[in-house]
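K.L.:
Sharing entry_33.pdb, PDB, C-alpha atoms:
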ATOM      1  CA  MET T   1       0.844  -7.908  18.127
ATOM      2  CA  THR T   2      -2.452  -8.649  16.413
ATOM      3  CA  ALA T   3      -2.683  -9.871  12.826
ATOM      4  CA  ILE T   4      -4.865  -7.813  10.500
ATOM      5  CA  ILE T   5      -3.806  -9.684   7.334
ATOM      6  CA  ASP T   6      -2.921 -13.374   7.424
ATOM      7  CA  VAL T   7      -1.892 -15.114   4.185
ATOM      8  CA  LYS T   8      -1.730 -18.910   4.238
ATOM      9  CA  ASN T   9      -0.342 -21.310   1.613
ATOM     10  CA  LEU T  10      -1.011 -18.805  -1.184
ATOM     11  CA  THR T  11      -0.232 -19.649  -4.786
ATOM     12  CA  MET T  12      -0.800 -16.888  -7.306
ATOM     13  CA  GLY T  13      -0.464 -16.509 -11.043
ATOM     14  CA  TYR T  14      -2.417 -16.416 -14.256
ATOM     15  CA  GLY T  15      -3.671 -19.685 -15.718
ATOM     16  CA  SER T  16      -0.796 -22.154 -15.747
ATOM     17  CA  PHE T  17       1.792 -19.425 -15.110
ATOM     18  CA  VAL T  18       2.730 -19.308 -11.418
ATOM     19  CA  LEU T  19       4.248 -16.175  -9.860
ATOM     20  CA  GLN T  20       4.499 -17.315  -6.241
ATOM     21  CA  LYS T  21       3.678 -20.605  -4.561
ATOM     22  CA  ASN T  22       2.817 -21.628  -1.002
ATOM     23  CA  ALA T  23       3.367 -18.124   0.406
ATOM     24  CA  ASP T  24       2.743 -17.515   4.101
ATOM     25  CA  PHE T  25       3.045 -14.151   5.866
ATOM     26  CA  THR T  26       1.317 -11.964   8.422
ATOM     27  CA  VAL T  27       0.744  -8.210   8.543
ATOM     28  CA  ASN T  28       0.181  -6.968  12.077
ATOM     29  CA  LYS T  29      -1.990  -4.019  13.038
ATOM     30  CA  GLY T  30       0.083  -0.852  12.915
ATOM     31  CA  ASP T  31       2.716  -2.270  10.553
ATOM     32  CA  ILE T  32       4.211  -0.380   7.658
ATOM     33  CA  PHE T  33       4.582  -3.566   5.657
ATOM     34  CA  ILE T  34       6.777  -3.614   2.550
ATOM     35  CA  ILE T  35       6.273  -6.051  -0.334
ATOM     36  CA  MET T  36       9.566  -5.946  -2.247
ATOM     37  CA  GLY T  37      11.487  -7.883  -4.861
ATOM     38  CA  GLY T  38      12.776  -7.668  -8.404
ATOM     39  CA  SER T  39      10.767  -7.318 -11.600
ATOM     40  CA  GLY T  40       8.363 -10.127 -12.361
ATOM     41  CA  CYS T  41       8.200 -11.511  -8.831
ATOM     42  CA  GLY T  42       4.507 -10.710  -8.387
ATOM     43  CA  LYS T  43       4.530  -7.661  -6.097
ATOM     44  CA  SER T  44       1.629  -5.868  -7.780
ATOM     45  CA  SER T  45      -0.307  -9.115  -8.227
ATOM     46  CA  MET T  46       0.070  -9.774  -4.503
ATOM     47  CA  LEU T  47      -1.378  -6.337  -3.801
ATOM     48  CA  ARG T  48      -4.316  -7.064  -6.094
ATOM     49  CA  ILE T  49      -4.983 -10.303  -4.224
ATOM     50  CA  LEU T  50      -4.851  -8.564  -0.832
ATOM     51  CA  THR T  51      -7.380  -5.990  -2.030
ATOM     52  CA  GLY T  52      -9.698  -8.638  -3.444
ATOM     53  CA  LEU T  53      -9.219  -7.579  -7.051
ATOM     54  CA  LEU T  54      -7.518 -10.808  -8.139
ATOM     55  CA  PRO T  55      -8.296 -14.328  -6.911
ATOM     56  CA  PRO T  56      -5.340 -16.536  -6.011
ATOM     57  CA  LEU T  57      -4.831 -19.895  -7.702
ATOM     58  CA  SER T  58      -5.059 -21.437  -4.227
ATOM     59  CA  GLY T  59      -4.675 -20.553  -0.574
ATOM     60  CA  LYS T  60      -6.343 -18.309   1.980
ATOM     61  CA  VAL T  61      -6.213 -14.563   2.642
ATOM     62  CA  PHE T  62      -7.695 -13.464   5.959
ATOM     63  CA  ILE T  63      -8.442  -9.764   6.447
ATOM     64  CA  ASP T  64      -9.593  -9.038   9.995
ATOM     65  CA  GLY T  65     -10.445 -12.734  10.342
ATOM     66  CA  THR T  66     -12.486 -13.004   7.120
ATOM     67  CA  ASN T  67     -11.166 -15.191   4.304
ATOM     68  CA  ILE T  68     -11.686 -12.889   1.320
ATOM     69  CA  VAL T  69     -11.048 -15.753  -1.131
ATOM     70  CA  THR T  70     -14.310 -17.465  -0.175
ATOM     71  CA  ALA T  71     -16.205 -14.477   1.252
ATOM     72  CA  SER T  72     -19.599 -13.493  -0.073
ATOM     73  CA  ALA T  73     -19.953 -10.334  -2.150
ATOM     74  CA  ASP T  74     -21.470  -8.505   0.833
ATOM     75  CA  SER T  75     -18.656  -9.560   3.170
ATOM     76  CA  LEU T  76     -16.029  -8.578   0.618
ATOM     77  CA  GLU T  77     -17.655  -5.182   0.203
ATOM     78  CA  LYS T  78     -17.510  -4.597   3.969
ATOM     79  CA  ILE T  79     -13.807  -5.478   3.987
ATOM     80  CA  ARG T  80     -13.112  -3.124   1.099
ATOM     81  CA  LYS T  81     -14.813  -0.258   2.949
ATOM     82  CA  LYS T  82     -12.208  -0.705   5.689
ATOM     83  CA  SER T  83      -9.346  -0.174   3.257
ATOM     84  CA  GLY T  84      -8.035   2.507   0.916
ATOM     85  CA  ILE T  85      -5.711   2.320  -2.077
ATOM     86  CA  LEU T  86      -3.229   4.803  -3.518
ATOM     87  CA  TYR T  87      -2.356   3.854  -7.083
ATOM     88  CA  GLN T  88       0.888   4.808  -8.851
ATOM     89  CA  SER T  89      -0.685   7.680 -10.778
ATOM     90  CA  GLY T  90      -2.955   8.827  -7.984
ATOM     91  CA  ALA T  91      -5.903   7.819 -10.230
ATOM     92  CA  LEU T  92      -7.748  11.092  -9.689
ATOM     93  CA  PHE T  93     -10.715  11.945 -11.893
ATOM     94  CA  SER T  94      -9.491  14.819 -14.071
ATOM     95  CA  SER T  95     -12.952  16.359 -14.458
ATOM     96  CA  MET T  96     -13.421  16.680 -10.694
ATOM     97  CA  THR T  97     -11.825  19.041  -8.218
ATOM     98  CA  LEU T  98      -9.709  17.579  -5.442
ATOM     99  CA  ALA T  99     -12.576  17.998  -2.986
ATOM    100  CA  GLU T 100     -14.978  16.279  -5.381
ATOM    101  CA  ASN T 101     -12.550  13.378  -5.821
ATOM    102  CA  ILE T 102     -12.407  12.865  -2.065
ATOM    103  CA  ALA T 103     -16.171  13.288  -1.733
ATOM    104  CA  LEU T 104     -16.890  10.435  -4.151
ATOM    105  CA  PRO T 105     -16.354   7.465  -1.774
ATOM    106  CA  LEU T 106     -18.144   9.372   0.985
ATOM    107  CA  GLN T 107     -21.145   9.899  -1.273
ATOM    108  CA  GLN T 108     -21.195   6.221  -2.224
ATOM    109  CA  TYR T 109     -20.509   4.581   1.127
ATOM    110  CA  SER T 110     -21.618   6.954   3.891
ATOM    111  CA  ASP T 111     -24.752   8.709   5.111
ATOM    112  CA  TYR T 112     -23.116  12.084   5.632
ATOM    113  CA  SER T 113     -24.881  15.192   4.411
ATOM    114  CA  ALA T 114     -23.443  17.248   1.555
ATOM    115  CA  GLU T 115     -22.124  19.827   4.021
ATOM    116  CA  GLU T 116     -20.509  17.173   6.196
ATOM    117  CA  ILE T 117     -18.869  15.639   3.139
ATOM    118  CA  ARG T 118     -17.419  19.026   2.157
ATOM    119  CA  GLU T 119     -16.007  19.424   5.667
ATOM    120  CA  ILE T 120     -14.503  15.924   5.668
ATOM    121  CA  ALA T 121     -12.944  16.485   2.234
ATOM    122  CA  ALA T 122     -11.351  19.705   3.444
ATOM    123  CA  LEU T 123     -10.085  17.937   6.575
ATOM    124  CA  LYS T 124      -8.522  15.082   4.594
ATOM    125  CA  LEU T 125      -6.807  17.543   2.245
ATOM    126  CA  SER T 126      -5.403  19.414   5.241
ATOM    127  CA  LEU T 127      -4.205  16.107   6.690
ATOM    128  CA  VAL T 128      -1.986  15.520   3.633
ATOM    129  CA  GLY T 129      -0.766  19.118   3.433
ATOM    130  CA  LEU T 130      -3.198  20.334   0.772
ATOM    131  CA  GLY T 131      -5.388  22.615   2.830
ATOM    132  CA  GLY T 132      -6.915  25.292   0.610
ATOM    133  CA  PHE T 133      -6.597  23.260  -2.589
ATOM    134  CA  ASP T 134     -10.184  21.986  -2.464
ATOM    135  CA  ASP T 135     -11.251  23.620  -5.735
ATOM    136  CA  PHE T 136      -8.123  22.817  -7.739
ATOM    137  CA  TYR T 137      -8.251  20.282 -10.567
ATOM    138  CA  PRO T 138      -5.618  17.533 -10.920
ATOM    139  CA  SER T 139      -4.176  19.260 -13.986
ATOM    140  CA  GLU T 140      -3.413  22.320 -11.877
ATOM    141  CA  ILE T 141      -1.153  20.629  -9.328
ATOM    142  CA  SER T 142       2.214  18.844  -9.356
ATOM    143  CA  GLY T 143       2.851  15.105  -9.421
ATOM    144  CA  GLY T 144       3.691  15.011  -5.741
ATOM    145  CA  MET T 145       0.524  16.906  -4.892
ATOM    146  CA  LYS T 146      -1.514  14.454  -6.977
ATOM    147  CA  LYS T 147      -0.127  11.604  -4.900
ATOM    148  CA  ARG T 148      -1.089  13.476  -1.732
ATOM    149  CA  ALA T 149      -4.586  14.135  -3.070
ATOM    150  CA  GLY T 150      -4.895  10.454  -3.985
ATOM    151  CA  LEU T 151      -3.879   9.600  -0.444
ATOM    152  CA  ALA T 152      -6.476  11.997   0.944
ATOM    153  CA  ARG T 153      -9.121  10.145  -1.068
ATOM    154  CA  ALA T 154      -7.788   6.788   0.151
ATOM    155  CA  LEU T 155      -8.253   8.091   3.714
ATOM    156  CA  ALA T 156     -11.760   9.421   3.118
ATOM    157  CA  LEU T 157     -13.546   6.579   4.920
ATOM    158  CA  ASP T 158     -11.024   6.342   7.791
ATOM    159  CA  PRO T 159      -9.726   2.926   6.664
ATOM    160  CA  GLU T 160      -7.945   0.442   8.891
ATOM    161  CA  ILE T 161      -5.562  -0.461   6.059
ATOM    162  CA  VAL T 162      -4.135   1.661   3.238
ATOM    163  CA  TYR T 163      -2.414  -0.008   0.294
ATOM    164  CA  PHE T 164       0.230   1.783  -1.783
ATOM    165  CA  ASP T 165       1.327   0.651  -5.250
ATOM    166  CA  GLU T 166       4.808   2.073  -5.964
ATOM    167  CA  PRO T 167       4.011   5.421  -4.258
ATOM    168  CA  SER T 168       7.344   7.015  -5.233
ATOM    169  CA  ALA T 169       6.973   6.259  -8.948
ATOM    170  CA  GLY T 170       7.457   9.405 -11.006
ATOM    171  CA  LEU T 171       8.421  11.587  -8.061
ATOM    172  CA  ASP T 172      11.630  13.552  -7.568
ATOM    173  CA  PRO T 173      13.721  12.625  -4.489
ATOM    174  CA  ILE T 174      12.369  15.472  -2.349
ATOM    175  CA  SER T 175       8.714  14.728  -3.155
ATOM    176  CA  SER T 176       9.377  11.036  -2.561
ATOM    177  CA  ARG T 177      10.869  11.733   0.872
ATOM    178  CA  ASN T 178       7.977  14.036   1.753
ATOM    179  CA  LEU T 179       5.545  11.268   0.862
ATOM    180  CA  ASP T 180       7.501   8.805   3.014
ATOM    181  CA  ASP T 181       7.283  11.246   5.927
ATOM    182  CA  LEU T 182       3.543  11.571   5.382
ATOM    183  CA  ILE T 183       3.088   7.788   5.366
ATOM    184  CA  ILE T 184       4.945   7.560   8.689
ATOM    185  CA  GLU T 185       2.877  10.388  10.171
ATOM    186  CA  ILE T 186      -0.426   8.789   9.149
ATOM    187  CA  ASN T 187       0.700   5.451  10.535
ATOM    188  CA  ARG T 188       1.728   6.979  13.863
ATOM    189  CA  SER T 189      -1.064   9.498  14.352
ATOM    190  CA  LEU T 190      -3.998   7.435  13.059
ATOM    191  CA  GLY T 191      -2.728   3.932  13.787
ATOM    192  CA  THR T 192      -3.418   2.989  10.176
ATOM    193  CA  THR T 193      -1.841  -0.231   8.908
ATOM    194  CA  ILE T 194       0.124   0.465   5.727
ATOM    195  CA  VAL T 195       0.999  -2.050   2.992
ATOM    196  CA  VAL T 196       3.432  -0.777   0.366
ATOM    197  CA  VAL T 197       4.626  -2.341  -2.883
ATOM    198  CA  THR T 198       7.947  -0.722  -3.760
ATOM    199  CA  HIS T 199      11.462  -1.334  -5.028
ATOM    200  CA  GLU T 200      12.789   2.048  -3.844
ATOM    201  CA  LEU T 201      15.519   1.366  -1.287
ATOM    202  CA  GLU T 202      15.325   4.740   0.443
ATOM    203  CA  SER T 203      11.609   4.274   1.071
ATOM    204  CA  ILE T 204      12.037   0.652   2.149
ATOM    205  CA  PHE T 205      14.522   1.580   4.866
ATOM    206  CA  ALA T 206      12.865   4.894   5.797
ATOM    207  CA  ILE T 207       9.357   3.609   6.443
ATOM    208  CA  GLY T 208       9.313  -0.199   6.626
ATOM    209  CA  THR T 209       8.711  -1.902   9.978
ATOM    210  CA  ASN T 210       8.102  -5.327   8.454
ATOM    211  CA  SER T 211       8.502  -6.830   4.986
ATOM    212  CA  ILE T 212       8.671  -9.788   2.650
ATOM    213  CA  PHE T 213      11.038 -10.316  -0.269
ATOM    214  CA  LEU T 214       9.466 -12.091  -3.254
ATOM    215  CA  ASP T 215      11.754 -14.006  -5.588
ATOM    216  CA  ALA T 216      10.816 -14.595  -9.226
ATOM    217  CA  ALA T 217      13.215 -17.502  -9.837
ATOM    218  CA  SER T 218      12.197 -19.723  -6.918
ATOM    219  CA  LYS T 219       8.637 -18.322  -6.837
ATOM    220  CA  SER T 220       8.910 -18.022  -3.077
ATOM    221  CA  ILE T 221       9.467 -15.621  -0.183
ATOM    222  CA  LEU T 222      13.227 -15.482   0.415
ATOM    223  CA  ALA T 223      13.212 -13.117   3.397
ATOM    224  CA  ARG T 224      10.833 -11.572   5.899
ATOM    225  CA  GLY T 225      11.078  -9.119   8.777
ATOM    226  CA  ASN T 226      12.277  -5.576   9.380
ATOM    227  CA  PRO T 227      14.279  -4.445   6.304
ATOM    228  CA  HIS T 228      17.174  -3.269   8.489
ATOM    229  CA  ASP T 229      17.347  -6.679  10.166
ATOM    230  CA  ILE T 230      17.280  -8.442   6.792
ATOM    231  CA  LEU T 231      20.155  -6.274   5.598
ATOM    232  CA  LYS T 232      22.208  -7.167   8.683
ATOM    233  CA  ASN T 233      21.591 -10.890   8.174
ATOM    234  CA  PRO T 234      20.584 -11.490   4.550
ATOM    235  CA  PRO T 235      19.597 -15.098   3.773
ATOM    236  CA  ASN T 236      21.509 -15.144   0.485
ATOM    237  CA  ASP T 237      23.416 -13.033  -2.024
ATOM    238  CA  GLU T 238      20.305 -12.251  -4.070
ATOM    239  CA  VAL T 239      18.594 -10.468  -1.197
ATOM    240  CA  LEU T 240      21.827  -8.690  -0.274
ATOM    241  CA  GLU T 241      22.294  -7.605  -3.886
ATOM    242  CA  PHE T 242      18.778  -6.131  -3.962
ATOM    243  CA  LEU T 243      19.103  -4.308  -0.638
ATOM    244  CA  THR T 244      22.510  -2.816  -1.471
ATOM    245  CA  ARG T 245      22.098  -2.379  -5.239
ATOM    246  CA  GLY T 246      25.206  -4.521  -5.631
ATOM    247  CA  LYS T 247      27.303  -2.560  -3.120
ATOM    248  CA  LYS T 248      27.862  -5.423  -0.698
ATOM    249  CA  HIS T 249      30.050  -3.336   1.583
ATOM    250  CA  ALA T 250      26.866  -1.445   2.546
ATOM    251  CA  LYS T 251      26.023  -4.424   4.779
ATOM    252  CA  GLU T 252      28.865  -3.350   7.030
TER     253      GLU T 252
END
Turn this file's structure into structure tokens for me.

P.N.:
Amino acid sequence: MTAIIDVKNLTMGYGSFVLQKNADFTVNKGDIFIIMGGSGCGKSSMLRILTGLLPPLSGKVFIDGTNIVTASADSLEKIRKKSGILYQSGALFSSMTLAENIALPLQQYSDYSAEEIREIAALKLSLVGLGGFDDFYPSEISGGMKKRAGLARALALDPEIVYFDEPSAGLDPISSRNLDDLIIEINRSLGTTIVVVTHELESIFAIGTNSIFLDAASKSILARGNPHDILKNPPNDEVLEFLTRGKKHAKE
């Protein structure tokens, strides 16, 4: 296994308020890596640090061997071009069609012609099950379809890593499961490394191949590894409580 993200001795927070301290973990190429934990543990802040949007209080974050904490603006920009992000809401521009939303990063960061960009946008929409919806506006499609369109945009530049911030938020169970299936398919077919912030148990166990559990009280990582393995051998009652929603017999 080859590390694509390597976090060393990371302390994160805001000013004097610390969320996590001395965190160490590795995301390997091809992982579907879950960042989980209760409210206030710093899941979303960790995602912001990994994407270079928030500096840590201390520590190192290596992406493909480059420490993004100390990287130059040019180096950080190159790293960001290798990654895509799907936000909770999908974050689509309401005044643009789905195809135009997907075309935006291609127009900014590639040398493709207008025709090539249209073809790529159509291909990415087909990849997420939205073939033929090129000219639809976000207001004309469902919440689940918006998430898929947001994912298509995140995949526009063929990233090595795609980050998901609570992808199931606001979705009904069927749409949530369909999105999980799509994440697995993209991971398997494209070899894309996936990093997901979520507290949804069904998604954690359905898609996760590796994970960390962040704890707000101790400000530390309490567990790491495949979620199924953690459930079989939880390090403490807090992790077991989270992974079973209080139904401790589920461990058996």

K.L.:
Name the residues captured by the PyMOL selection byres ((chain T and resi 211) around 12) when it is applied to the shown file; answer as number ranges by chain.

P.N.:
T: 25-28, 31-37, 43, 194-199, 204-205, 207-210, 212-214, 221-231

K.L.:
Hey, what's within 12 Å of range 76-79 of chain T if we count all atoms listed in the file and toss same-chain stuff fewer than 3 positions away? As JSON, numbers by chain, please?

P.N.:
{"T": [4, 5, 50, 51, 52, 53, 61, 62, 63, 64, 65, 66, 67, 68, 69, 70, 71, 72, 73, 82, 83, 84, 109, 157, 159, 160, 161]}

K.L.:
From the set T:Ala122, T:Ala217, T:Ala156, T:Ala99, which residue has the shortest atom-to-atom contact distance to Lys21 in chain T, counting only C-alpha atoms?

P.N.:
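When distances to Lys21 in chain T are compared using only C-alpha atoms, the smallest one comes from T:Ala217.
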
K.L.:
What is the distance between CA of Gly144 in chain T and CA of Leu98 in chain T, in Å to one decimal?

P.N.:
13.6 Å

K.L.:
What is the distance between CA of Lys81 in chain T and CA of Asp111 in chain T, in Å to one decimal?

P.N.:
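Atom-to-atom, CA of Lys81 in chain T and CA of Asp111 in chain T are spaced 13.6 Å apart.
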
K.L.:
Counting all atoms listed in the file, find residues at most 8 Å from (3.5, -18.8, 4.4) (file frame) and give them as a PDB file with C-alpha atoms, keeping the file's coordinate frame.

P.N.:
ATOM      1  CA  VAL T   7      -1.892 -15.114   4.185  1.00  0.00           C
ATOM      2  CA  LYS T   8      -1.730 -18.910   4.238  1.00  0.00           C
ATOM      3  CA  ASN T   9      -0.342 -21.310   1.613  1.00  0.00           C
ATOM      4  CA  LEU T  10      -1.011 -18.805  -1.184  1.00  0.00           C
ATOM      5  CA  ASN T  22       2.817 -21.628  -1.002  1.00  0.00           C
ATOM      6  CA  ALA T  23       3.367 -18.124   0.406  1.00  0.00           C
ATOM      7  CA  ASP T  24       2.743 -17.515   4.101  1.00  0.00           C
ATOM      8  CA  PHE T  25       3.045 -14.151   5.866  1.00  0.00           C
TER       9      PHE T  25
END

K.L.:
Rank T:Ala91, T:Asp172, T:Ile186, T:Glu238 by their smallest atom-to-atom distance to Asp215 in chain T, using only C-alpha atoms, and report the top residue only.

P.N.:
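Answer, going by the shortest atom-to-atom distance: T:Glu238.
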
K.L.:
For range 124-135 of chain T, please output as a PyMOL selection string all residues within 10 Å (counting all atoms listed in the file; exclusion window: fewer than 4 positions along the same chain).

P.N.:
chain T and resi 96-102+118-120+140-141+145-158+179+182-183+185-186

K.L.:
What does the structure give for the distance between CA of Pro56 in chain T and CA of Thr11 in chain T, in Å to one decimal?

P.N.:
6.1 Å

K.L.:
What do you get, as a ChimeraX atom specification, if you spell out every residue that the PyMOL selection byres ((chain T and resi 169) around 12) selects here?

P.N.:
/T:86-90,143-144,146-147,164-168,170-173,175-177,179,197-200,203

K.L.:
Have a look at T:Pro105, T:Ile85, T:Gly15, T:Phe93 and name the one nearest to Leu57 in chain T; count all atoms listed in the file.

P.N.:
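Comparing T:Pro105, T:Ile85, T:Gly15, T:Phe93 against Leu57 in chain T, the winner is T:Gly15.
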
K.L.:
For Ala216 in chain T, which residue among T:Ser45, T:Thr244, T:Ser39, T:Ser95 is the nearest when counting all atoms listed in the file?

P.N.:
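Closest to Ala216 in chain T, using all atoms listed in the file: T:Ser39.
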
K.L.:
From the list T:Tyr137, T:Ala114, T:Ser58, T:Arg80, which residue is nearest Ser94 in chain T when using only C-alpha atoms?

P.N.:
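Closest to Ser94 in chain T of all the choices is T:Tyr137.
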
K.L.:
Please complete range 117-137 of chain T so it has N, CA, C and O atoms, and hand it over as a CSV table (one decimal), keeping the file's coordinate frame.

P.N.:
chain,number,residue,atom,x,y,z
T,117,ILE,N,-19.8,16.2,4.1
T,117,ILE,CA,-18.9,15.6,3.1
T,117,ILE,C,-17.9,16.7,2.7
T,117,ILE,O,-16.7,16.4,2.6
T,118,ARG,N,-18.3,17.9,2.5
T,118,ARG,CA,-17.4,19.0,2.2
T,118,ARG,C,-16.4,19.3,3.3
T,118,ARG,O,-15.2,19.5,3.0
T,119,GLU,N,-16.9,19.2,4.5
T,119,GLU,CA,-16.0,19.4,5.7
T,119,GLU,C,-15.0,18.3,5.8
T,119,GLU,O,-13.8,18.6,6.1
T,120,ILE,N,-15.4,17.1,5.6
T,120,ILE,CA,-14.5,15.9,5.7
T,120,ILE,C,-13.5,16.0,4.6
T,120,ILE,O,-12.3,15.7,4.8
T,121,ALA,N,-13.9,16.4,3.4
T,121,ALA,CA,-12.9,16.5,2.2
T,121,ALA,C,-11.9,17.5,2.5
T,121,ALA,O,-10.7,17.3,2.3
T,122,ALA,N,-12.3,18.7,3.1
T,122,ALA,CA,-11.4,19.7,3.4
T,122,ALA,C,-10.4,19.2,4.5
T,122,ALA,O,-9.2,19.5,4.5
T,123,LEU,N,-10.9,18.5,5.5
T,123,LEU,CA,-10.1,17.9,6.6
T,123,LEU,C,-9.0,17.0,6.0
T,123,LEU,O,-7.9,17.0,6.4
T,124,LYS,N,-9.5,16.1,5.1
T,124,LYS,CA,-8.5,15.1,4.6
T,124,LYS,C,-7.4,15.8,3.8
T,124,LYS,O,-6.3,15.3,3.8
T,125,LEU,N,-7.8,16.8,3.0
T,125,LEU,CA,-6.8,17.5,2.2
T,125,LEU,C,-5.8,18.2,3.2
T,125,LEU,O,-4.6,18.2,2.9
T,126,SER,N,-6.3,18.8,4.3
T,126,SER,CA,-5.4,19.4,5.2
T,126,SER,C,-4.5,18.4,5.9
T,126,SER,O,-3.3,18.6,6.1
T,127,LEU,N,-5.0,17.2,6.1
T,127,LEU,CA,-4.2,16.1,6.7
T,127,LEU,C,-3.0,15.8,5.9
T,127,LEU,O,-1.9,15.4,6.4
T,128,VAL,N,-3.1,15.9,4.5
T,128,VAL,CA,-2.0,15.5,3.6
T,128,VAL,C,-1.2,16.8,3.1
T,128,VAL,O,-0.5,16.7,2.2
T,129,GLY,N,-1.5,17.9,3.8
T,129,GLY,CA,-0.8,19.1,3.4
T,129,GLY,C,-1.3,19.9,2.2
T,129,GLY,O,-0.6,20.7,1.6
T,130,LEU,N,-2.6,19.7,1.9
T,130,LEU,CA,-3.2,20.3,0.8
T,130,LEU,C,-4.4,21.2,1.2
T,130,LEU,O,-5.3,21.4,0.4
T,131,GLY,N,-4.3,21.7,2.4
T,131,GLY,CA,-5.4,22.6,2.8
T,131,GLY,C,-5.5,23.8,1.9
T,131,GLY,O,-4.5,24.4,1.6
T,132,GLY,N,-6.7,24.2,1.5
T,132,GLY,CA,-6.9,25.3,0.6
T,132,GLY,C,-6.9,24.9,-0.9
T,132,GLY,O,-7.2,25.8,-1.7
T,133,PHE,N,-6.6,23.7,-1.2
T,133,PHE,CA,-6.6,23.3,-2.6
T,133,PHE,C,-7.9,22.5,-3.0
T,133,PHE,O,-7.9,21.9,-4.0
T,134,ASP,N,-8.9,22.7,-2.2
T,134,ASP,CA,-10.2,22.0,-2.5
T,134,ASP,C,-10.7,22.1,-3.9
T,134,ASP,O,-11.2,21.2,-4.5
T,135,ASP,N,-10.6,23.3,-4.4
T,135,ASP,CA,-11.3,23.6,-5.7
T,135,ASP,C,-10.3,23.5,-6.9
T,135,ASP,O,-10.6,23.9,-8.0
T,136,PHE,N,-9.1,23.0,-6.7
T,136,PHE,CA,-8.1,22.8,-7.7
T,136,PHE,C,-8.4,21.5,-8.5
T,136,PHE,O,-8.9,20.5,-7.9
T,137,TYR,N,-8.1,21.5,-9.8
T,137,TYR,CA,-8.3,20.3,-10.6
T,137,TYR,C,-6.9,19.6,-10.6
T,137,TYR,O,-5.8,20.2,-10.5
